[in-house]
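Below: upload-v8.tsv (TSV, C-alpha atoms and all ligand atoms)
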```tsv
chain	number	residue	atom	x	y	z
Q	13	MET	CA	93.97	111.67	80.66
Q	14	SER	CA	94.24	108.49	78.61
Q	15	ASP	CA	91.03	106.51	77.95
Q	16	LEU	CA	93.01	103.32	77.56
Q	17	ALA	CA	93.00	100.89	80.47
Q	18	PRO	CA	96.26	101.08	82.41
Q	19	THR	CA	98.72	98.25	81.80
Q	20	LEU	CA	101.88	97.39	83.70
Q	21	GLU	CA	103.92	99.06	80.96
Q	22	THR	CA	101.95	102.31	80.90
Q	23	ILE	CA	101.65	102.45	84.70
Q	24	ARG	CA	105.46	102.43	84.83
Q	25	THR	CA	105.51	105.66	82.82
Q	26	ALA	CA	103.09	107.48	85.16
Q	27	PRO	CA	104.45	109.48	88.13
Q	28	LYS	CA	103.90	107.59	91.39
Q	29	VAL	CA	104.42	108.20	95.09
Q	30	LEU	CA	105.52	105.54	97.58
Q	31	LEU	CA	105.17	106.01	101.35
Q	32	HIS	CA	105.75	102.50	102.70
Q	33	ASP	CA	108.79	100.58	101.46
Q	34	HIS	CA	111.42	98.82	103.61
Q	35	LEU	CA	115.05	99.24	102.59
Q	36	ASP	CA	115.90	95.76	103.92
Q	37	GLY	CA	112.93	94.30	102.03
Q	38	GLY	CA	113.86	95.74	98.64
Q	39	LEU	CA	117.28	94.40	97.74
Q	40	ARG	CA	117.94	93.01	94.28
Q	41	PRO	CA	118.38	89.22	94.62
Q	42	ARG	CA	121.74	89.48	92.86
Q	43	THR	CA	122.88	92.08	95.38
Q	44	VAL	CA	121.96	89.80	98.29
Q	45	ALA	CA	124.15	87.06	96.79
Q	46	GLU	CA	127.04	89.40	95.96
Q	47	LEU	CA	127.03	91.11	99.34
Q	48	ALA	CA	126.95	87.75	101.13
Q	49	GLU	CA	130.08	86.82	99.19
Q	50	ALA	CA	131.77	90.18	99.75
Q	51	THR	CA	131.03	90.39	103.47
Q	52	GLY	CA	131.49	86.73	104.34
Q	53	TYR	CA	127.86	86.09	105.31
Q	54	ARG	CA	127.43	82.30	105.18
Q	55	GLU	CA	123.79	81.77	106.20
Q	56	LEU	CA	121.99	82.25	102.88
Q	57	PRO	CA	119.69	79.32	101.96
Q	58	THR	CA	121.26	79.33	98.46
Q	59	THR	CA	123.76	81.43	96.55
Q	60	ASP	CA	122.08	80.92	93.17
Q	61	VAL	CA	120.43	84.23	92.26
Q	62	ALA	CA	117.29	82.83	90.62
Q	63	GLU	CA	116.76	80.34	93.43
Q	64	LEU	CA	117.34	83.03	96.01
Q	65	GLU	CA	114.69	85.22	94.39
Q	66	ARG	CA	112.18	82.35	94.52
Q	67	TRP	CA	113.21	81.45	98.07
Q	68	PHE	CA	112.47	84.93	99.47
Q	69	GLN	CA	109.03	85.02	97.92
Q	70	ALA	CA	108.12	81.48	98.96
Q	71	ALA	CA	109.40	81.90	102.51
Q	72	ALA	CA	107.53	85.19	102.88
Q	73	ASN	CA	104.38	83.52	101.55
Q	74	SER	CA	103.82	82.11	104.96
Q	75	GLY	CA	100.42	83.29	106.12
Q	76	SER	CA	101.78	84.88	109.28
Q	77	LEU	CA	103.64	88.09	109.96
Q	78	GLU	CA	106.06	86.37	112.34
Q	79	SER	CA	107.36	83.85	109.79
Q	80	TYR	CA	107.28	86.49	107.02
Q	81	LEU	CA	109.65	88.56	109.15
Q	82	GLU	CA	112.14	85.68	109.50
Q	83	THR	CA	113.31	86.29	105.91
Q	84	PHE	CA	114.80	89.63	106.99
Q	85	ALA	CA	117.58	87.85	108.90
Q	86	HIS	CA	119.29	87.31	105.54
Q	87	THR	CA	118.87	90.78	104.08
Q	88	CYS	CA	120.00	92.37	107.34
Q	89	GLY	CA	122.78	89.77	107.51
Q	90	VAL	CA	124.38	91.16	104.35
Q	91	MET	CA	123.87	94.84	105.27
Q	92	GLN	CA	126.35	95.15	108.15
Q	93	THR	CA	129.00	97.33	106.48
Q	94	GLU	CA	128.94	100.93	105.30
Q	95	GLN	CA	129.72	99.88	101.73
Q	96	ALA	CA	126.85	97.40	101.69
Q	97	LEU	CA	124.42	100.00	103.05
Q	98	VAL	CA	125.51	102.60	100.49
Q	99	ARG	CA	125.05	100.09	97.67
Q	100	VAL	CA	121.63	98.86	98.81
Q	101	ALA	CA	120.36	102.42	99.30
Q	102	ALA	CA	121.70	103.60	95.93
Q	103	GLU	CA	120.09	100.67	94.13
Q	104	ALA	CA	116.79	101.28	95.91
Q	105	ALA	CA	116.72	104.86	94.63
Q	106	GLU	CA	117.63	103.73	91.11
Q	107	ASP	CA	115.05	100.92	91.04
Q	108	LEU	CA	112.25	103.13	92.32
Q	109	ALA	CA	113.12	105.90	89.86
Q	110	GLU	CA	113.22	103.36	87.02
Q	111	ASP	CA	109.69	102.29	88.03
Q	112	GLY	CA	108.45	105.88	87.71
Q	113	VAL	CA	108.34	106.71	91.42
Q	114	VAL	CA	108.89	110.47	91.82
Q	115	TYR	CA	108.74	110.67	95.61
Q	116	ALA	CA	109.57	107.81	98.02
Q	117	GLU	CA	109.79	107.44	101.77
Q	118	VAL	CA	111.97	104.39	102.39
Q	119	ARG	CA	112.24	103.02	105.93
Q	120	TYR	CA	114.58	100.78	107.89
Q	121	ALA	CA	115.61	100.06	111.47
Q	122	PRO	CA	119.17	101.30	112.11
Q	123	GLU	CA	119.47	99.02	115.17
Q	124	LEU	CA	119.47	95.98	112.84
Q	125	PHE	CA	122.74	97.00	111.15
Q	126	VAL	CA	125.08	97.31	114.11
Q	127	GLU	CA	126.07	93.62	114.47
Q	128	ARG	CA	129.60	94.26	113.18
Q	129	GLY	CA	130.23	97.42	115.13
Q	130	LEU	CA	128.72	100.24	113.05
Q	131	SER	CA	127.27	103.06	115.13
Q	132	LEU	CA	123.66	104.10	114.58
Q	133	GLU	CA	124.96	107.38	113.16
Q	134	ALA	CA	127.26	105.60	110.69
Q	135	VAL	CA	124.30	103.52	109.50
Q	136	VAL	CA	122.13	106.58	108.88
Q	137	GLU	CA	124.93	108.44	107.12
Q	138	ALA	CA	125.74	105.47	104.86
Q	139	VAL	CA	122.10	105.13	103.81
Q	140	GLN	CA	121.79	108.87	103.15
Q	141	GLU	CA	124.95	108.72	101.02
Q	142	GLY	CA	123.47	105.81	99.06
Q	143	PHE	CA	120.18	107.59	98.45
Q	144	ALA	CA	122.05	110.68	97.20
Q	145	GLU	CA	124.20	108.54	94.90
Q	146	GLY	CA	121.21	106.60	93.52
Q	147	THR	CA	119.27	109.82	92.99
Q	148	ARG	CA	122.23	111.22	91.05
Q	149	ARG	CA	122.54	108.13	88.86
Q	150	ALA	CA	118.81	108.14	88.15
Q	151	ALA	CA	119.00	111.83	87.17
Q	152	GLU	CA	121.73	110.99	84.67
Q	153	ARG	CA	119.21	108.71	82.97
Q	154	GLY	CA	116.59	111.45	83.01
Q	155	ARG	CA	114.64	110.13	86.02
Q	156	ARG	CA	113.86	112.56	88.82
Q	157	ILE	CA	113.16	111.10	92.24
Q	158	HIS	CA	113.03	112.65	95.70
Q	159	MET	CA	114.13	110.11	98.32
Q	160	ALA	CA	113.14	110.59	101.97
Q	161	THR	CA	113.95	108.33	104.91
Q	162	LEU	CA	111.87	107.02	107.81
Q	163	LEU	CA	113.68	105.45	110.75
Q	164	CYS	CA	111.96	102.48	112.38
Q	165	ALA	CA	112.36	101.15	115.88
Q	166	MET	CA	111.69	97.43	116.31
Q	167	ARG	CA	108.69	96.78	118.57
Q	168	GLN	CA	110.33	93.77	120.25
Q	169	HIS	CA	113.47	95.72	121.22
Q	170	ALA	CA	113.45	98.56	123.73
Q	171	ARG	CA	115.24	101.27	121.78
Q	172	ALA	CA	112.38	103.36	120.45
Q	173	LEU	CA	113.27	106.59	122.26
Q	174	GLU	CA	116.88	106.36	121.13
Q	175	ILE	CA	115.79	105.84	117.50
Q	176	ALA	CA	113.26	108.67	117.75
Q	177	GLU	CA	116.06	110.96	118.92
Q	178	LEU	CA	118.20	109.79	116.00
Q	179	ALA	CA	115.38	110.59	113.55
Q	180	VAL	CA	115.05	114.13	114.92
Q	181	ARG	CA	118.82	114.66	114.91
Q	182	TYR	CA	119.00	113.81	111.19
Q	183	ARG	CA	115.79	115.53	110.07
Q	184	ASP	CA	117.54	118.30	108.15
Q	185	VAL	CA	119.51	115.85	106.03
Q	186	GLY	CA	116.70	113.70	104.70
Q	187	VAL	CA	115.13	111.79	107.61
Q	188	ALA	CA	111.47	112.70	107.29
Q	189	GLY	CA	109.96	110.68	110.11
Q	190	PHE	CA	109.75	107.76	112.51
Q	191	ASP	CA	107.87	104.42	112.67
Q	192	ILE	CA	107.71	101.22	114.68
Q	193	ALA	CA	107.88	97.86	112.88
Q	194	GLY	CA	108.20	94.17	113.67
Q	195	PRO	CA	105.75	91.72	115.25
Q	196	GLU	CA	102.47	93.37	116.18
Q	197	ALA	CA	100.73	90.82	118.41
Q	198	GLY	CA	102.03	91.14	121.97
Q	199	PHE	CA	103.81	94.44	121.28
Q	200	PRO	CA	101.19	97.19	121.47
Q	201	PRO	CA	102.24	100.66	120.28
Q	202	THR	CA	101.72	102.12	123.77
Q	203	ARG	CA	104.94	100.37	124.89
Q	204	ASN	CA	106.72	103.19	123.06
Q	205	LEU	CA	104.77	106.20	124.29
Q	206	ASP	CA	107.91	108.06	125.34
Q	207	ALA	CA	109.27	107.87	121.80
Q	208	PHE	CA	106.07	109.15	120.23
Q	209	GLU	CA	105.83	111.95	122.74
Q	210	TYR	CA	109.40	112.93	121.96
Q	211	ILE	CA	108.63	113.00	118.22
Q	212	ARG	CA	105.46	115.06	118.73
Q	213	THR	CA	107.04	117.59	121.04
Q	214	SER	CA	109.89	117.96	118.52
Q	215	ASN	CA	107.30	118.83	115.83
Q	216	ALA	CA	108.47	115.77	113.88
Q	217	HIS	CA	106.41	113.17	112.02
Q	218	PHE	CA	105.59	109.52	112.61
Q	219	THR	CA	103.54	106.64	111.33
Q	220	ILE	CA	102.89	103.31	113.09
Q	221	HIS	CA	102.58	99.79	111.65
Q	222	ALA	CA	99.14	98.92	113.05
Q	223	GLY	CA	96.12	96.89	112.03
Q	224	GLU	CA	98.07	94.33	110.01
Q	225	ALA	CA	98.52	91.22	112.16
Q	226	PHE	CA	96.41	92.53	115.01
Q	227	GLY	CA	93.05	94.23	115.00
Q	228	LEU	CA	91.26	97.36	116.08
Q	229	ALA	CA	92.87	97.67	119.52
Q	230	SER	CA	96.23	98.24	117.87
Q	231	ILE	CA	94.84	100.91	115.52
Q	232	TRP	CA	92.98	102.61	118.36
Q	233	GLU	CA	96.11	102.78	120.52
Q	234	ALA	CA	98.23	104.00	117.63
Q	235	ILE	CA	95.86	106.86	116.90
Q	236	GLN	CA	94.30	107.80	120.22
Q	237	HIS	CA	97.14	107.07	122.67
Q	238	CYS	CA	100.21	107.57	120.52
Q	239	GLY	CA	98.93	110.20	118.07
Q	240	ALA	CA	100.04	108.49	114.85
Q	241	GLU	CA	99.64	110.69	111.78
Q	242	ARG	CA	99.38	107.72	109.43
Q	243	LEU	CA	98.80	103.97	109.74
Q	244	GLY	CA	101.19	101.40	108.27
Q	245	HIS	CA	98.68	98.98	106.67
Q	246	GLY	CA	95.66	99.78	108.88
Q	247	VAL	CA	93.60	97.29	106.84
Q	248	ARG	CA	91.96	95.79	109.94
Q	249	ILE	CA	89.98	99.02	110.27
Q	250	THR	CA	87.42	97.04	108.26
Q	251	ASP	CA	86.64	95.12	111.50
Q	252	ASP	CA	84.83	98.34	112.46
Q	253	ILE	CA	82.82	98.54	109.23
Q	254	LYS	CA	79.60	96.56	108.85
Q	255	THR	CA	77.36	95.99	105.86
Q	256	ASP	CA	73.69	95.30	106.74
Q	257	GLU	CA	71.14	93.06	104.93
Q	258	ARG	CA	70.16	95.96	102.66
Q	259	GLY	CA	73.76	96.43	101.62
Q	260	GLU	CA	74.16	99.68	103.54
Q	261	VAL	CA	77.56	100.30	105.03
Q	262	HIS	CA	77.94	101.46	108.65
Q	263	LEU	CA	81.15	102.82	110.12
Q	264	GLY	CA	81.88	102.29	113.80
Q	265	ARG	CA	83.28	105.17	115.83
Q	266	LEU	CA	86.94	104.35	115.20
Q	267	ALA	CA	86.48	103.79	111.47
Q	268	GLY	CA	84.47	107.01	111.30
Q	269	TYR	CA	87.21	108.86	113.14
Q	270	VAL	CA	89.94	107.56	110.83
Q	271	ARG	CA	87.95	108.53	107.75
Q	272	ASP	CA	86.83	111.92	109.09
Q	273	ARG	CA	90.37	112.87	110.07
Q	274	ARG	CA	91.63	111.72	106.66
Q	275	THR	CA	94.20	109.50	108.39
Q	276	PRO	CA	96.30	108.02	105.58
Q	277	LEU	CA	96.32	104.22	105.27
Q	278	GLU	CA	99.60	102.91	103.84
Q	279	ILE	CA	98.17	99.81	102.20
Q	280	CYS	CA	100.46	97.11	100.79
Q	281	PRO	CA	98.28	94.61	98.91
Q	282	SER	CA	100.71	91.78	98.06
Q	283	SER	CA	102.38	91.86	101.45
Q	284	ASN	CA	98.98	91.58	103.13
Q	285	VAL	CA	98.16	88.48	101.12
Q	286	GLN	CA	101.50	86.91	102.07
Q	287	THR	CA	101.08	87.54	105.81
Q	288	GLY	CA	97.42	86.51	105.80
Q	289	ALA	CA	96.10	90.02	106.54
Q	290	ALA	CA	94.00	89.73	103.34
Q	291	PRO	CA	92.74	86.54	101.63
Q	292	SER	CA	93.65	87.66	98.07
Q	293	ILE	CA	94.11	90.82	96.04
Q	294	ALA	CA	90.56	90.51	94.67
Q	295	GLU	CA	89.15	90.27	98.20
Q	296	HIS	CA	91.50	92.85	99.66
Q	297	PRO	CA	89.75	95.43	101.90
Q	298	LEU	CA	91.42	98.18	99.85
Q	299	GLY	CA	88.48	97.95	97.41
Q	300	LEU	CA	85.92	98.76	100.11
Q	301	LEU	CA	88.11	101.38	101.81
Q	302	ALA	CA	88.73	103.21	98.53
Q	303	ARG	CA	85.01	103.10	97.67
Q	304	LEU	CA	84.24	104.63	101.08
Q	305	ARG	CA	86.80	107.36	100.34
Q	306	PHE	CA	89.22	106.61	103.16
Q	307	ARG	CA	92.60	108.26	102.52
Q	308	VAL	CA	93.98	105.12	100.84
Q	309	THR	CA	97.53	104.97	99.48
Q	310	VAL	CA	99.10	102.04	97.59
Q	311	ASN	CA	102.53	100.74	98.60
Q	312	THR	CA	105.03	97.92	98.09
Q	313	ASP	CA	106.17	97.12	101.67
Q	314	ASN	CA	108.91	94.68	100.61
Q	315	ARG	CA	109.70	94.45	96.90
Q	316	LEU	CA	112.05	91.48	97.32
Q	317	MET	CA	109.72	89.36	99.46
Q	318	SER	CA	106.68	90.14	97.31
Q	319	GLY	CA	108.49	90.15	93.96
Q	320	CYS	CA	106.67	93.40	93.21
Q	321	THR	CA	107.13	97.01	92.19
Q	322	LEU	CA	104.76	99.88	92.85
Q	323	SER	CA	103.65	99.60	89.22
Q	324	SER	CA	102.93	95.88	89.54
Q	325	GLU	CA	100.87	96.52	92.69
Q	326	PHE	CA	98.77	99.03	90.73
Q	327	ALA	CA	98.48	96.62	87.78
Q	328	GLU	CA	97.10	93.94	90.12
Q	329	LEU	CA	94.57	96.40	91.52
Q	330	VAL	CA	93.53	97.37	87.98
Q	331	ASP	CA	92.85	93.68	87.24
Q	332	ALA	CA	91.03	93.05	90.51
Q	333	PHE	CA	88.93	96.22	90.81
Q	334	GLY	CA	88.82	97.63	87.28
Q	335	TYR	CA	90.59	100.83	88.26
Q	336	GLY	CA	91.36	103.39	85.55
Q	337	TRP	CA	93.80	106.29	85.32
Q	338	ALA	CA	91.62	108.60	87.42
Q	339	ASP	CA	91.82	106.09	90.28
Q	340	ILE	CA	95.60	105.70	90.00
Q	341	GLN	CA	95.96	109.47	90.01
Q	342	TRP	CA	93.67	109.65	93.08
Q	343	PHE	CA	95.82	107.12	95.00
Q	344	THR	CA	98.93	109.03	93.93
Q	345	ILE	CA	97.65	112.42	95.04
Q	346	ASN	CA	96.40	110.85	98.29
Q	347	ALA	CA	99.96	109.65	98.90
Q	348	MET	CA	101.54	112.97	98.01
Q	349	LYS	CA	99.14	114.83	100.32
Q	350	SER	CA	100.08	112.41	103.12
Q	351	ALA	CA	103.87	112.60	102.70
Q	352	PHE	CA	106.13	113.80	105.50
Q	353	LEU	CA	107.41	116.60	103.27
Q	354	ASP	CA	106.93	120.38	103.55
Q	355	PHE	CA	103.57	121.58	102.29
Q	356	ASP	CA	105.02	123.78	99.55
Q	357	ARG	CA	107.07	120.92	98.13
Q	358	ARG	CA	104.09	118.55	98.25
Q	359	LEU	CA	102.05	121.10	96.37
Q	360	ASP	CA	104.82	121.59	93.84
Q	361	LEU	CA	105.00	117.84	93.12
Q	362	ILE	CA	101.21	117.58	92.82
Q	363	ASN	CA	100.82	120.59	90.51
Q	364	ASN	CA	104.03	120.42	88.50
Q	365	VAL	CA	104.82	116.70	88.29
Q	366	ILE	CA	101.84	114.46	89.09
Q	367	LYS	CA	98.92	116.27	87.46
Q	368	PRO	CA	100.80	117.13	84.24
Q	369	GLY	CA	102.16	113.53	84.17
Q	370	TYR	CA	98.67	112.02	84.18
Q	371	ALA	CA	97.39	114.63	81.72
Q	372	LYS	CA	99.89	113.57	79.07
Q	373	LEU	CA	99.66	109.79	79.32
Q	374	PRO	CA	99.77	107.93	76.00
Q	375	ASN	CA	96.41	107.35	74.32
Q	401	LIG	O1	104.76	94.43	107.05
Q	401	LIG	C1	105.54	94.55	108.00
Q	401	LIG	N1	105.05	94.60	109.27
Q	401	LIG	C2	105.85	94.76	110.35
Q	401	LIG	N2	107.18	94.82	110.25
Q	401	LIG	C3	107.73	94.74	109.02
Q	401	LIG	C4	106.96	94.61	107.86
Q	401	LIG	N3	107.78	94.53	106.82
Q	401	LIG	C5	109.03	94.63	107.30
Q	401	LIG	N4	109.00	94.74	108.63
Q	401	LIG	C6	110.13	94.83	109.57
Q	401	LIG	O2	110.64	96.15	109.51
Q	401	LIG	C7	112.05	96.08	109.67
Q	401	LIG	C8	112.68	97.38	109.27
Q	401	LIG	O3	112.61	97.62	107.92
Q	401	LIG	C9	112.41	94.85	108.87
Q	401	LIG	O4	113.67	94.35	109.26
Q	401	LIG	C10	111.29	93.90	109.23
Q	401	LIG	O5	111.62	93.17	110.40
Q	402	ZN	ZN	105.92	97.52	106.51
```

Let me see the structure of the file written as structure tokens.
Amino acid sequence: MSDLAPTLETIRTAPKVLLHDHLDGGLRPRTVAELAEATGYRELPTTDVAELERWFQAAANSGSLESYLETFAHTCGVMQTEQALVRVAAEAAEDLAEDGVVYAEVRYAPELFVERGLSLEAVVEAVQEGFAEGTRRAAERGRRIHMATLLCAMRQHARALEIAELAVRYRDVGVAGFDIAGPEAGFPPTRNLDAFEYIRTSNAHFTIHAGEAFGLASIWEAIQHCGAERLGHGVRITDDIKTDERGEVHLGRLAGYVRDRRTPLEICPSSNVQTGAAPSIAEHPLGLLARLRFRVTVNTDNRLMSGCTLSSEFAELVDAFGYGWADIQWFTINAMKSAFLDFDRRLDLINNVIKPGYAKLPN
């Protein structure tokens, strides 16, 4: 492994794994503008591409999850046709592959794309077609990426069981799991118990956005009542970790449980700073959680709203915490171990793509 400190440029060449990325939070700014024009969406704050890019980041930089989420009205607004969905999904696969991501689970809520009459099935099929197309185009440029899909239900709507059924119905064609997203405060995960039970009894996988805008109660419900396999964000688990006067760290029972069970935390540093879940990257709880050997993974959440890539998230962590290549490989293998992919294929990616990739980094 290279002795040189990782830089944005070299991180881009290393194989990476992404578990938490929203399709409707990752559009290219130019695509938002072009799709608005093509589909007759008139609500954009501006049609100038550079201004639009700045607008999304500034508007998402709001300090609260609720106002952060308002920016999605515009991305979802331009994603109401099959063609638009195919294009957005294809570009997502291409952009991730170009950034050196070798395995990605990209999520979205099908119920947000039915305003102009698409069925939930048509939405899923369009996105799968786009992922296949983007994967093909990336391969032509010598980039291999495996794209998997997670279907989200929105916490504030009451369609979770229906979306869970959809996820199971499409599991053999690339839908790897289920999630709930949207505002956390006031919408505890237990409102959707029937959906989670359906997923579990179908031997399917799910993660839950929990411990981002709301604290321990949300994480506890997600894990102990719903049976979540992973936590979307989960950063508020630090509310159950105390450091005493001597500097010794003590885990409460829930934090201990999460660490003992190796429950993966899908941490998204820049997004957390924007929504106020963390004060800054340098003070982000990821540093403590990684030091305590929680199963930490690094993710983008919304590349458009945060103006980030997975590589830029790692580069920020390198600056803030002094991480080296061994740490980046650790986060990457953590993510690959936690993926909703068959065990033999996870092992294959770890042994035949990730480890050799880090072994031959430039030095
Ligand atoms: O960090 C987040 N926390 C909760 N919900 C989110 C986050 N980022 C995006 N979404 C929500 O998930 C939907 C499906 O992709 C998006 O439309 C957005 O409303
Ligand atoms: Zn998210």

Identify the residues within 12 Å of coordinate (124.0, 99.0, 117.1) (same frame as the file), considering all atoms listed in the file, and give the answer as a PyMOL selection string. chain Q and resi 92-93+121-136+165+169+171+174-175

When you count all atoms listed in the file, which of these residues is closest to ligand ZN 402 (chain Q): Q:Ala188, Q:Leu353, Q:Leu163, Q:Val44?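 With all atoms listed in the file as the atom set, the closest residue is Q:Leu163.
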
Could I get the residues of chain Q with an atom no further than 10 Å from an atom of ligand ZN 402 (chain Q), each paired with its nearest atom pair and that distance in Å to one decimal, using all atoms listed in the file, sorted by chain and residue number, as JSON lines?
```
{"residue": "Q:Leu31", "atom": "CA", "partner": "Q:ZN402", "partner_atom": "ZN", "distance": 10.0}
{"residue": "Q:His32", "atom": "CA", "partner": "Q:ZN402", "partner_atom": "ZN", "distance": 6.3}
{"residue": "Q:Asp33", "atom": "CA", "partner": "Q:ZN402", "partner_atom": "ZN", "distance": 6.6}
{"residue": "Q:His34", "atom": "CA", "partner": "Q:ZN402", "partner_atom": "ZN", "distance": 6.4}
{"residue": "Q:Gly37", "atom": "CA", "partner": "Q:ZN402", "partner_atom": "ZN", "distance": 8.9}
{"residue": "Q:Arg119", "atom": "CA", "partner": "Q:ZN402", "partner_atom": "ZN", "distance": 8.4}
{"residue": "Q:Tyr120", "atom": "CA", "partner": "Q:ZN402", "partner_atom": "ZN", "distance": 9.4}
{"residue": "Q:Cys164", "atom": "CA", "partner": "Q:ZN402", "partner_atom": "ZN", "distance": 9.8}
{"residue": "Q:Asp191", "atom": "CA", "partner": "Q:ZN402", "partner_atom": "ZN", "distance": 9.5}
{"residue": "Q:Ile192", "atom": "CA", "partner": "Q:ZN402", "partner_atom": "ZN", "distance": 9.1}
{"residue": "Q:Ala193", "atom": "CA", "partner": "Q:ZN402", "partner_atom": "ZN", "distance": 6.7}
{"residue": "Q:Gly194", "atom": "CA", "partner": "Q:ZN402", "partner_atom": "ZN", "distance": 8.2}
{"residue": "Q:Ile220", "atom": "CA", "partner": "Q:ZN402", "partner_atom": "ZN", "distance": 9.3}
{"residue": "Q:His221", "atom": "CA", "partner": "Q:ZN402", "partner_atom": "ZN", "distance": 6.5}
{"residue": "Q:Ala222", "atom": "CA", "partner": "Q:ZN402", "partner_atom": "ZN", "distance": 9.5}
{"residue": "Q:Glu224", "atom": "CA", "partner": "Q:ZN402", "partner_atom": "ZN", "distance": 9.2}
{"residue": "Q:Gly244", "atom": "CA", "partner": "Q:ZN402", "partner_atom": "ZN", "distance": 6.4}
{"residue": "Q:His245", "atom": "CA", "partner": "Q:ZN402", "partner_atom": "ZN", "distance": 7.4}
{"residue": "Q:Glu278", "atom": "CA", "partner": "Q:ZN402", "partner_atom": "ZN", "distance": 8.7}
{"residue": "Q:Ile279", "atom": "CA", "partner": "Q:ZN402", "partner_atom": "ZN", "distance": 9.2}
{"residue": "Q:Cys280", "atom": "CA", "partner": "Q:ZN402", "partner_atom": "ZN", "distance": 7.9}
{"residue": "Q:Ser283", "atom": "CA", "partner": "Q:ZN402", "partner_atom": "ZN", "distance": 8.4}
{"residue": "Q:Asn284", "atom": "CA", "partner": "Q:ZN402", "partner_atom": "ZN", "distance": 9.7}
{"residue": "Q:Asn311", "atom": "CA", "partner": "Q:ZN402", "partner_atom": "ZN", "distance": 9.2}
{"residue": "Q:Thr312", "atom": "CA", "partner": "Q:ZN402", "partner_atom": "ZN", "distance": 8.5}
{"residue": "Q:Asp313", "atom": "CA", "partner": "Q:ZN402", "partner_atom": "ZN", "distance": 4.9}
{"residue": "Q:Asn314", "atom": "CA", "partner": "Q:ZN402", "partner_atom": "ZN", "distance": 7.2}
```

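Omitting Leu304 in chain Q and its sequence neighbours fewer than 3 positions away, and counting only C-alpha atoms, the residues within 9 Å are Val261, Arg271, Gly299, Leu300 and Leu301 of chain Q.
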
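Separating CA of Thr255 in chain Q from CA of Ala290 in chain Q is a distance of 18.0 Å.
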
At a cut-off of 8 Å, using all atoms listed in the file, what residues contact Leu298 in chain Q? Leave out same-chain residues fewer than 6 positions from it and give the result as a PDB file with C-alpha atoms, keeping the file's coordinate frame.
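That gives us part39.pdb:
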```
ATOM      1  CA  VAL Q 247      93.600  97.290 106.840  1.00  0.00           C
ATOM      2  CA  ILE Q 279      98.170  99.810 102.200  1.00  0.00           C
ATOM      3  CA  PRO Q 281      98.280  94.610  98.910  1.00  0.00           C
ATOM      4  CA  VAL Q 308      93.980 105.120 100.840  1.00  0.00           C
TER       5      VAL Q 308
END
```

In Å, rounded to a single decimal, give me how far CA of Ala289 in chain Q is from CA of Ala267 in chain Q. 17.5 Å

Kindly give the distance, in Å, that separates CA of Ser230 in chain Q and CA of Pro200 in chain Q, rounded to a single decimal.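 Answer for the CA of Ser230 in chain Q to CA of Pro200 in chain Q separation: 6.2 Å.
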
For a quick check of understanding, using all atoms listed in the file, which of Q:Arg315, Q:Arg54, Q:Arg274, Q:Arg66 has the smallest distance to Leu243 in chain Q? Q:Arg274

For a quick check of understanding, using all atoms listed in the file, which of Q:Val98, Q:Ser292, Q:Leu178, Q:Leu361 has the smallest distance to His158 in chain Q?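 Among Q:Val98, Q:Ser292, Q:Leu178, Q:Leu361, it is Q:Leu361 that comes nearest to His158 in chain Q.
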
Could range 346-355 of chain Q be completed with N, CA and C atoms and returned as a PDB file, in the frame of the given file?
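Contents of out-v2.pdb, as written:
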```
ATOM      1  N   ASN Q 346      96.582 111.186  96.870  1.00  0.00           N
ATOM      2  CA  ASN Q 346      96.400 110.850  98.290  1.00  0.00           C
ATOM      3  C   ASN Q 346      97.760 110.675  98.970  1.00  0.00           C
ATOM      4  N   ALA Q 347      98.641 109.923  98.315  1.00  0.00           N
ATOM      5  CA  ALA Q 347      99.960 109.650  98.900  1.00  0.00           C
ATOM      6  C   ALA Q 347     100.771 110.929  99.023  1.00  0.00           C
ATOM      7  N   MET Q 348     100.732 111.740  97.963  1.00  0.00           N
ATOM      8  CA  MET Q 348     101.540 112.970  98.010  1.00  0.00           C
ATOM      9  C   MET Q 348     101.035 113.914  99.092  1.00  0.00           C
ATOM     10  N   LYS Q 349      99.707 113.990  99.257  1.00  0.00           N
ATOM     11  CA  LYS Q 349      99.140 114.830 100.320  1.00  0.00           C
ATOM     12  C   LYS Q 349      99.563 114.333 101.700  1.00  0.00           C
ATOM     13  N   SER Q 350      99.825 113.026 101.818  1.00  0.00           N
ATOM     14  CA  SER Q 350     100.080 112.410 103.120  1.00  0.00           C
ATOM     15  C   SER Q 350     101.569 112.303 103.449  1.00  0.00           C
ATOM     16  N   ALA Q 351     102.422 112.751 102.512  1.00  0.00           N
ATOM     17  CA  ALA Q 351     103.870 112.600 102.700  1.00  0.00           C
ATOM     18  C   ALA Q 351     104.379 113.472 103.834  1.00  0.00           C
ATOM     19  N   PHE Q 352     105.466 113.022 104.447  1.00  0.00           N
ATOM     20  CA  PHE Q 352     106.130 113.800 105.500  1.00  0.00           C
ATOM     21  C   PHE Q 352     107.121 114.774 104.848  1.00  0.00           C
ATOM     22  N   LEU Q 353     106.600 115.645 104.025  1.00  0.00           N
ATOM     23  CA  LEU Q 353     107.410 116.600 103.270  1.00  0.00           C
ATOM     24  C   LEU Q 353     106.731 117.955 103.442  1.00  0.00           C
ATOM     25  N   ASP Q 354     107.531 119.050 103.375  1.00  0.00           N
ATOM     26  CA  ASP Q 354     106.930 120.380 103.550  1.00  0.00           C
ATOM     27  C   ASP Q 354     105.767 120.582 102.585  1.00  0.00           C
ATOM     28  N   PHE Q 355     104.787 121.339 103.067  1.00  0.00           N
ATOM     29  CA  PHE Q 355     103.570 121.580 102.290  1.00  0.00           C
ATOM     30  C   PHE Q 355     103.879 122.164 100.907  1.00  0.00           C
TER      31      PHE Q 355
END
```
